[in-house]
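J.: See start-v3.pdb below, with PDB, C-alpha atoms.
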ATOM      1  CA  GLY A   1      -5.388 -14.671  -5.392
ATOM      2  CA  ALA A   2      -3.794 -12.438  -7.990
ATOM      3  CA  VAL A   3      -0.050 -11.863  -7.796
ATOM      4  CA  VAL A   4       2.011  -8.797  -8.584
ATOM      5  CA  SER A   5       5.774  -9.118  -8.808
ATOM      6  CA  GLN A   6       8.508  -6.509  -8.768
ATOM      7  CA  HIS A   7      12.056  -6.726  -9.978
ATOM      8  CA  PRO A   8      14.560  -6.140  -8.609
ATOM      9  CA  SER A   9      13.721  -6.463  -4.948
ATOM     10  CA  ARG A  10      16.783  -4.499  -3.963
ATOM     11  CA  VAL A  11      19.158  -2.290  -5.930
ATOM     12  CA  ILE A  12      22.138  -0.157  -5.036
ATOM     13  CA  CYS A  13      23.404   2.353  -7.557
ATOM     14  CA  LYS A  14      25.742   5.316  -7.834
ATOM     15  CA  SER A  15      24.561   8.919  -8.056
ATOM     16  CA  GLY A  16      23.835   9.991 -11.591
ATOM     17  CA  THR A  17      22.903   6.590 -12.910
ATOM     18  CA  SER A  18      19.429   5.427 -13.920
ATOM     19  CA  VAL A  19      17.564   2.522 -12.415
ATOM     20  CA  LYS A  20      14.624   0.631 -13.896
ATOM     21  CA  ILE A  21      12.080  -1.147 -11.721
ATOM     22  CA  GLU A  22       9.612  -3.585 -13.234
ATOM     23  CA  CYS A  23       6.118  -4.339 -12.025
ATOM     24  CA  ARG A  24       4.269  -7.328 -13.440
ATOM     25  CA  SER A  25       0.805  -8.724 -12.919
ATOM     26  CA  LEU A  26       1.417 -12.445 -13.132
ATOM     27  CA  ASP A  27      -1.990 -13.962 -13.692
ATOM     28  CA  PHE A  28      -4.232 -11.104 -14.670
ATOM     29  CA  GLN A  29      -4.238  -8.126 -16.944
ATOM     30  CA  ALA A  30      -4.030  -4.597 -15.627
ATOM     31  CA  THR A  31      -4.718  -1.579 -17.781
ATOM     32  CA  THR A  32      -3.815   0.566 -14.802
ATOM     33  CA  MET A  33      -1.019   0.196 -12.290
ATOM     34  CA  PHE A  34       0.005   2.476  -9.464
ATOM     35  CA  TRP A  35       3.446   3.452  -8.234
ATOM     36  CA  TYR A  36       3.997   4.396  -4.607
ATOM     37  CA  ARG A  37       6.960   5.593  -2.651
ATOM     38  CA  GLN A  38       7.406   4.830   1.011
ATOM     39  CA  PHE A  39       9.813   6.685   3.256
ATOM     40  CA  PRO A  40      11.050   4.998   6.431
ATOM     41  CA  LYS A  41       8.318   4.658   9.011
ATOM     42  CA  GLN A  42       5.860   6.562   6.834
ATOM     43  CA  SER A  43       2.850   5.724   4.762
ATOM     44  CA  LEU A  44       2.703   5.127   1.058
ATOM     45  CA  MET A  45       2.728   8.163  -1.159
ATOM     46  CA  LEU A  46       1.091   7.741  -4.539
ATOM     47  CA  MET A  47       3.533   8.917  -7.196
ATOM     48  CA  ALA A  48       1.730   8.170 -10.417
ATOM     49  CA  THR A  49      -0.863   6.135 -12.215
ATOM     50  CA  SER A  50       0.468   4.059 -15.074
ATOM     51  CA  ASN A  51      -1.933   3.631 -17.994
ATOM     52  CA  GLU A  52      -1.480   0.991 -20.661
ATOM     53  CA  GLY A  53      -1.238   2.597 -24.062
ATOM     54  CA  SER A  54      -1.167   6.173 -22.839
ATOM     55  CA  LYS A  55       0.836   8.570 -20.722
ATOM     56  CA  ALA A  56       1.124   8.141 -17.013
ATOM     57  CA  THR A  57      -0.669  10.516 -14.687
ATOM     58  CA  TYR A  58       1.624  12.025 -12.079
ATOM     59  CA  GLU A  59       0.674  13.318  -8.653
ATOM     60  CA  GLN A  60       1.423  16.876  -7.758
ATOM     61  CA  GLY A  61       5.057  17.407  -6.886
ATOM     62  CA  VAL A  62       6.336  14.300  -8.662
ATOM     63  CA  GLU A  63       8.791  15.088 -11.452
ATOM     64  CA  LYS A  64       7.717  13.239 -14.572
ATOM     65  CA  ASP A  65      11.112  13.684 -16.221
ATOM     66  CA  LYS A  66      12.829  12.123 -13.258
ATOM     67  CA  PHE A  67      10.453   9.242 -12.696
ATOM     68  CA  LEU A  68       9.724   7.827 -16.135
ATOM     69  CA  ILE A  69       6.847   5.416 -16.334
ATOM     70  CA  ASN A  70       6.103   3.125 -19.232
ATOM     71  CA  HIS A  71       3.151   0.755 -19.315
ATOM     72  CA  ALA A  72       4.361  -1.447 -22.141
ATOM     73  CA  SER A  73       1.714  -4.150 -21.981
ATOM     74  CA  LEU A  74      -1.310  -5.261 -20.009
ATOM     75  CA  THR A  75       0.947  -7.060 -17.549
ATOM     76  CA  LEU A  76       4.018  -4.824 -17.282
ATOM     77  CA  SER A  77       4.733  -1.331 -16.041
ATOM     78  CA  THR A  78       8.221   0.073 -15.507
ATOM     79  CA  LEU A  79       9.453   2.944 -13.369
ATOM     80  CA  THR A  80      12.822   4.404 -14.294
ATOM     81  CA  VAL A  81      14.509   6.689 -11.801
ATOM     82  CA  THR A  82      16.759   8.862 -13.936
ATOM     83  CA  SER A  83      19.949  10.546 -12.745
ATOM     84  CA  ALA A  84      19.420   9.117  -9.294
ATOM     85  CA  HIS A  85      20.408  11.083  -6.201
ATOM     86  CA  PRO A  86      20.793   9.868  -2.621
ATOM     87  CA  GLU A  87      17.460  11.512  -1.739
ATOM     88  CA  ASP A  88      15.772   9.149  -4.203
ATOM     89  CA  SER A  89      16.678   6.288  -1.894
ATOM     90  CA  SER A  90      13.383   4.793  -0.813
ATOM     91  CA  PHE A  91      11.076   1.810  -0.961
ATOM     92  CA  TYR A  92       9.065   1.775  -4.196
ATOM     93  CA  ILE A  93       5.888  -0.274  -4.369
ATOM     94  CA  CYS A  94       3.582  -0.908  -7.291
ATOM     95  CA  SER A  95       0.018  -2.129  -7.274
ATOM     96  CA  ALA A  96      -2.544  -3.282  -9.771
ATOM     97  CA  PRO A  97      -6.295  -3.598  -9.463
ATOM     98  CA  GLU A  98      -7.838  -6.949 -10.313
ATOM     99  CA  ALA A  99     -11.243  -6.006 -11.609
ATOM    100  CA  GLY A 100     -12.829  -9.403 -11.064
ATOM    101  CA  LEU A 101     -11.938  -9.450  -7.378
ATOM    102  CA  GLY A 102     -12.512  -5.750  -6.886
ATOM    103  CA  GLU A 103      -9.323  -5.183  -4.986
ATOM    104  CA  GLN A 104      -5.809  -3.940  -5.357
ATOM    105  CA  PHE A 105      -2.764  -6.228  -5.278
ATOM    106  CA  PHE A 106       0.602  -4.933  -4.232
ATOM    107  CA  GLY A 107       4.046  -5.914  -5.328
ATOM    108  CA  PRO A 108       6.621  -6.837  -2.679
ATOM    109  CA  GLY A 109       8.453  -3.560  -3.180
ATOM    110  CA  THR A 110      11.892  -2.501  -4.398
ATOM    111  CA  ARG A 111      14.448  -1.047  -2.011
ATOM    112  CA  LEU A 112      16.517   1.548  -3.865
ATOM    113  CA  THR A 113      19.713   2.842  -2.310
ATOM    114  CA  VAL A 114      21.615   5.572  -4.125
ATOM    115  CA  LEU A 115      25.183   6.083  -2.994
TER
ATOM    116  CA  GLY B   1     -11.675  14.588  -0.867
ATOM    117  CA  ASP B   2     -11.410  11.059   0.444
ATOM    118  CA  SER B   3      -9.017  10.428   3.304
ATOM    119  CA  VAL B   4      -8.153   8.048   6.105
ATOM    120  CA  THR B   5      -7.106   8.969   9.623
ATOM    121  CA  GLN B   6      -5.369   6.289  11.589
ATOM    122  CA  MET B   7      -4.265   6.022  15.194
ATOM    123  CA  GLU B   8      -0.639   6.915  15.486
ATOM    124  CA  GLY B   9       1.824   4.534  16.975
ATOM    125  CA  PRO B  10       3.990   3.006  17.843
ATOM    126  CA  VAL B  11       1.987   0.498  19.850
ATOM    127  CA  THR B  12       3.727  -1.968  22.134
ATOM    128  CA  LEU B  13       1.775  -4.817  23.691
ATOM    129  CA  SER B  14       2.530  -7.940  25.640
ATOM    130  CA  GLU B  15       1.695 -11.268  24.081
ATOM    131  CA  GLU B  16      -1.980 -12.243  24.467
ATOM    132  CA  ALA B  17      -3.048  -8.641  25.042
ATOM    133  CA  PHE B  18      -6.074  -7.134  23.288
ATOM    134  CA  LEU B  19      -5.362  -4.931  20.286
ATOM    135  CA  THR B  20      -7.333  -2.010  18.903
ATOM    136  CA  ILE B  21      -6.076   0.255  16.154
ATOM    137  CA  ASN B  22      -8.482   3.068  15.367
ATOM    138  CA  CYS B  23      -9.271   4.144  11.832
ATOM    139  CA  THR B  24     -11.775   6.708  10.619
ATOM    140  CA  TYR B  25     -12.439   7.809   7.105
ATOM    141  CA  THR B  26     -13.887  10.603   5.037
ATOM    142  CA  ALA B  27     -15.479   9.757   1.723
ATOM    143  CA  THR B  28     -18.021  11.282  -0.587
ATOM    144  CA  GLY B  29     -19.435   7.958  -1.739
ATOM    145  CA  TYR B  30     -19.585   4.435  -0.411
ATOM    146  CA  PRO B  31     -16.028   3.178  -0.376
ATOM    147  CA  SER B  32     -14.602  -0.223   0.352
ATOM    148  CA  LEU B  33     -12.396  -0.341   3.430
ATOM    149  CA  PHE B  34      -9.225  -2.344   3.941
ATOM    150  CA  TRP B  35      -6.559  -3.196   6.442
ATOM    151  CA  TYR B  36      -3.136  -4.025   5.059
ATOM    152  CA  VAL B  37      -0.168  -5.391   6.983
ATOM    153  CA  GLN B  38       3.479  -4.825   6.191
ATOM    154  CA  TYR B  39       6.098  -7.042   7.772
ATOM    155  CA  PRO B  40       9.660  -5.728   8.012
ATOM    156  CA  GLY B  41      11.298  -5.407   4.606
ATOM    157  CA  GLU B  42       8.243  -6.611   2.733
ATOM    158  CA  GLY B  43       5.421  -5.159   0.680
ATOM    159  CA  LEU B  44       1.817  -4.768   1.729
ATOM    160  CA  GLN B  45      -0.433  -7.743   2.225
ATOM    161  CA  LEU B  46      -4.191  -7.539   2.424
ATOM    162  CA  LEU B  47      -5.303  -8.490   5.926
ATOM    163  CA  LEU B  48      -9.045  -7.987   5.618
ATOM    164  CA  LYS B  49     -11.635  -5.902   3.875
ATOM    165  CA  ALA B  50     -15.271  -4.811   3.979
ATOM    166  CA  THR B  51     -17.202  -3.523   1.025
ATOM    167  CA  LYS B  52     -20.378  -2.127   2.560
ATOM    168  CA  ALA B  53     -21.793  -0.799   5.792
ATOM    169  CA  ASP B  54     -22.064  -3.276   8.683
ATOM    170  CA  ASP B  55     -19.820  -5.788   6.916
ATOM    171  CA  LYS B  56     -17.243  -7.398   9.162
ATOM    172  CA  GLY B  57     -13.915  -8.370   7.675
ATOM    173  CA  SER B  58     -11.894 -11.020   9.493
ATOM    174  CA  ASN B  59      -8.664 -12.919   9.000
ATOM    175  CA  LYS B  60      -6.041 -14.550  11.241
ATOM    176  CA  GLY B  61      -7.960 -13.528  14.350
ATOM    177  CA  PHE B  62      -8.187  -9.873  13.299
ATOM    178  CA  GLU B  63     -11.570  -8.224  12.805
ATOM    179  CA  ALA B  64     -12.889  -4.876  11.647
ATOM    180  CA  THR B  65     -16.464  -3.719  11.146
ATOM    181  CA  TYR B  66     -17.491  -1.118   8.587
ATOM    182  CA  ARG B  67     -19.404   1.479  10.633
ATOM    183  CA  LYS B  68     -21.051   4.033   8.405
ATOM    184  CA  GLU B  69     -22.622   5.958  11.269
ATOM    185  CA  THR B  70     -19.258   6.631  12.872
ATOM    186  CA  THR B  71     -17.245   6.433   9.613
ATOM    187  CA  SER B  72     -14.901   3.999  11.296
ATOM    188  CA  PHE B  73     -13.156   0.712  10.579
ATOM    189  CA  HIS B  74     -11.247  -0.108  13.757
ATOM    190  CA  LEU B  75      -8.961  -3.144  13.728
ATOM    191  CA  GLU B  76      -9.178  -5.532  16.690
ATOM    192  CA  LYS B  77      -7.603  -8.763  17.815
ATOM    193  CA  GLY B  78      -8.376 -10.488  21.053
ATOM    194  CA  SER B  79      -4.968 -11.979  21.728
ATOM    195  CA  VAL B  80      -1.898 -10.776  19.874
ATOM    196  CA  GLN B  81       1.187 -12.860  19.193
ATOM    197  CA  VAL B  82       4.807 -11.897  18.665
ATOM    198  CA  SER B  83       4.377 -12.780  14.996
ATOM    199  CA  ASP B  84       1.777 -10.004  14.670
ATOM    200  CA  SER B  85       4.506  -7.390  15.015
ATOM    201  CA  ALA B  86       4.260  -5.324  11.843
ATOM    202  CA  VAL B  87       2.952  -2.042  10.474
ATOM    203  CA  TYR B  88      -0.777  -1.891   9.851
ATOM    204  CA  PHE B  89      -2.351   0.407   7.274
ATOM    205  CA  CYS B  90      -6.000   1.343   7.023
ATOM    206  CA  ALA B  91      -7.127   2.210   3.503
ATOM    207  CA  LEU B  92     -10.166   3.033   1.470
ATOM    208  CA  SER B  93     -10.982   2.682  -2.175
ATOM    209  CA  ASP B  94     -13.633   4.613  -3.963
ATOM    210  CA  HIS B  95     -13.983   1.815  -6.508
ATOM    211  CA  GLY B  96     -12.167   3.936  -9.013
ATOM    212  CA  ASN B  97      -8.963   2.032  -8.333
ATOM    213  CA  GLN B  98      -7.494   4.874  -6.305
ATOM    214  CA  PHE B  99      -6.476   3.893  -2.790
ATOM    215  CA  TYR B 100      -6.088   6.266   0.130
ATOM    216  CA  PHE B 101      -3.889   5.077   2.964
ATOM    217  CA  GLY B 102      -3.596   6.042   6.578
ATOM    218  CA  THR B 103      -0.179   6.829   7.970
ATOM    219  CA  GLY B 104       0.327   3.338   9.345
ATOM    220  CA  THR B 105       0.566   2.068  12.912
ATOM    221  CA  SER B 106       3.602   0.143  14.025
ATOM    222  CA  LEU B 107       2.809  -2.717  16.389
ATOM    223  CA  THR B 108       5.420  -4.493  18.481
ATOM    224  CA  VAL B 109       4.373  -7.499  20.539
ATOM    225  CA  ILE B 110       6.760  -8.531  23.264
ATOM    226  CA  PRO B 111       6.868 -12.029  24.778
TER
END
Re-express the file's structure as structure tokens.
T.:
Amino acid sequence: GAVVSQHPSRVICKSGTSVKIECRSLDFQATTMFWYRQFPKQSLMLMATSNEGSKATYEQGVEKDKFLINHASLTLSTLTVTSAHPEDSSFYICSAPEAGLGEQFFGPGTRLTVL
Amino acid sequence: GDSVTQMEGPVTLSEEAFLTINCTYTATGYPSLFWYVQYPGEGLQLLLKATKADDKGSNKGFEATYRKETTSFHLEKGSVQVSDSAVYFCALSDHGNQFYFGTGTSLTVIP
């Protein structure tokens, strides 16, 4: 099946710094990718839809200036958490639909801890 | 709008017990339905899916049947193992790429 990778898998940073998370579709192209946030013992919350070649679409309540999304190519989307705060600590997961298989493939997630 | 309602956990079962995790959905169209599993510290993995009414998805001993009349997609397994301990998410997709997830049900299987 199709594979989506994320890098890094785990990152610890200081408050005020910025962190970039990469999401790659390894063996298929994805014009759209999705970024989710998961709080401990809770479900996934859709943050934004990343669109190749155009601006990302953010869900209500998600700060677009804080969570910068860039869909640089058909296989790569990046999420940059700017000026990170401890409350940004969370598990971030990306996904990409594989049109031929008609399903969504999820990355393994990135654990962000902001000190 | 579309949504998924999932049985709340946590669920604790003894090994070889029967498992049911309830899931109902609301959708305006004819969505595809999914069960995903998340093991500790990992991302989501597709467990099974069904794309139309009366379809039965199955994998690793788990089954779920797409019931349009009751708008349900309950997950079942006849005999759980310790290795099945994980969080299970019911989800639907309206074919427009957007996924809607349930809140997740944590399952712990004890020996």
J.: Using all atoms listed in the file, find the residues of chain A whose closest atom to chain B is at most 7 Å away, then write them as a ChimeraX atom specification.
T.: /A:42-44,97,106-109
J.: Here's the selection I'm unsure about, the PyMOL selection byres ((chain A and resi 89) around 8); applied to the file above, which residues does it give, as a PyMOL selection string?
T.: chain A and resi 85-88+90-91+111-114
J.: Just to be explicit: take each residue in the selection above, keep C-alpha atoms, and write the result as a PDB file, in the frame of the given file.
T.:
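Saved result, result-v8.pdb, follows:
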ATOM      1  CA  HIS A  85      20.408  11.083  -6.201  1.00  0.00           C
ATOM      2  CA  PRO A  86      20.793   9.868  -2.621  1.00  0.00           C
ATOM      3  CA  GLU A  87      17.460  11.512  -1.739  1.00  0.00           C
ATOM      4  CA  ASP A  88      15.772   9.149  -4.203  1.00  0.00           C
ATOM      5  CA  SER A  90      13.383   4.793  -0.813  1.00  0.00           C
ATOM      6  CA  PHE A  91      11.076   1.810  -0.961  1.00  0.00           C
ATOM      7  CA  ARG A 111      14.448  -1.047  -2.011  1.00  0.00           C
ATOM      8  CA  LEU A 112      16.517   1.548  -3.865  1.00  0.00           C
ATOM      9  CA  THR A 113      19.713   2.842  -2.310  1.00  0.00           C
ATOM     10  CA  VAL A 114      21.615   5.572  -4.125  1.00  0.00           C
TER      11      VAL A 114
END
J.: Apply the PyMOL selection byres ((chain A and resi 16-33) around 6) to the displayed file and report the matching residues as a PyMOL selection string.
T.: chain A and resi 3-7+14-15+34+49-52+74-84+95-96
J.: Taking all atoms listed in the file into account, name the residue in B:Leu107, B:Ala86, B:Val4, B:Val11 that is nearest to Thr71 (chain B).
T.: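 The closest residue to Thr71 (chain B) is B:Val4.
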J.: Could you spell out the hits of the PyMOL selection byres ((chain B and resi 17) around 9) on the shown file, as a ChimeraX atom specification?
T.: /B:13-16,18-19,77-81,109
J.: Restricting the calculation to all atoms listed in the file, which member of A:Lys55, A:Trp35, A:Gln60, A:Lys41 is positioned closest to Tyr39 (chain B)?
T.: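 Of the candidates, the smallest distance to Tyr39 (chain B) is held by A:Lys41.
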J.: Identify the residues within 7 Å of coordinate (-10.0, 0.5, 9.9) (same frame as the file), considering only C-alpha atoms, and give the answer as a list in words.
T.: Asn22, Cys23, Thr24, Leu33, Phe34, Trp35, Ala64, Ser72, Phe73, His74, Leu75 and Cys90 of chain B
J.: Which protein, DNA or RNA residues have an atom at most 12 Å from (8.2, 14.1, -14.0), counting only C-alpha atoms? List them as JSON, numbers by chain.
T.: {"A": [47, 48, 55, 56, 57, 58, 59, 60, 61, 62, 63, 64, 65, 66, 67, 68, 69, 79, 80, 81, 82]}
J.: Just how far from CA of Tyr66 (chain B) is CA of Ala2 (chain A), in Å to one decimal?
T.: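 About the pair CA of Ala2 (chain A) and CA of Tyr66 (chain B): they are 24.3 Å apart.
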J.: Give me, please, the distance in Å between CA of His71 (chain A) and CA of Gly1 (chain B), quoted to one decimal.
T.: 27.4 Å
J.: At what distance in Å, to one decimal, does CA of Thr110 (chain A) lie from CA of Pro40 (chain A)?
T.: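 Straight-line distance from CA of Pro40 (chain A) to CA of Thr110 (chain A) works out to 13.2 Å.
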J.: Pick from B:Met7, B:Ala27, B:Leu47, B:Val82: nearest to Phe62 (chain B), with all atoms listed in the file counted?
T.: B:Leu47
J.: Calculated over all atoms listed in the file, which of the candidates B:Ser3, B:Glu8, B:Asp55, B:Leu92 has the smallest distance to Thr20 (chain B)?
T.: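 With all atoms listed in the file as the atom set, the closest residue is B:Glu8.
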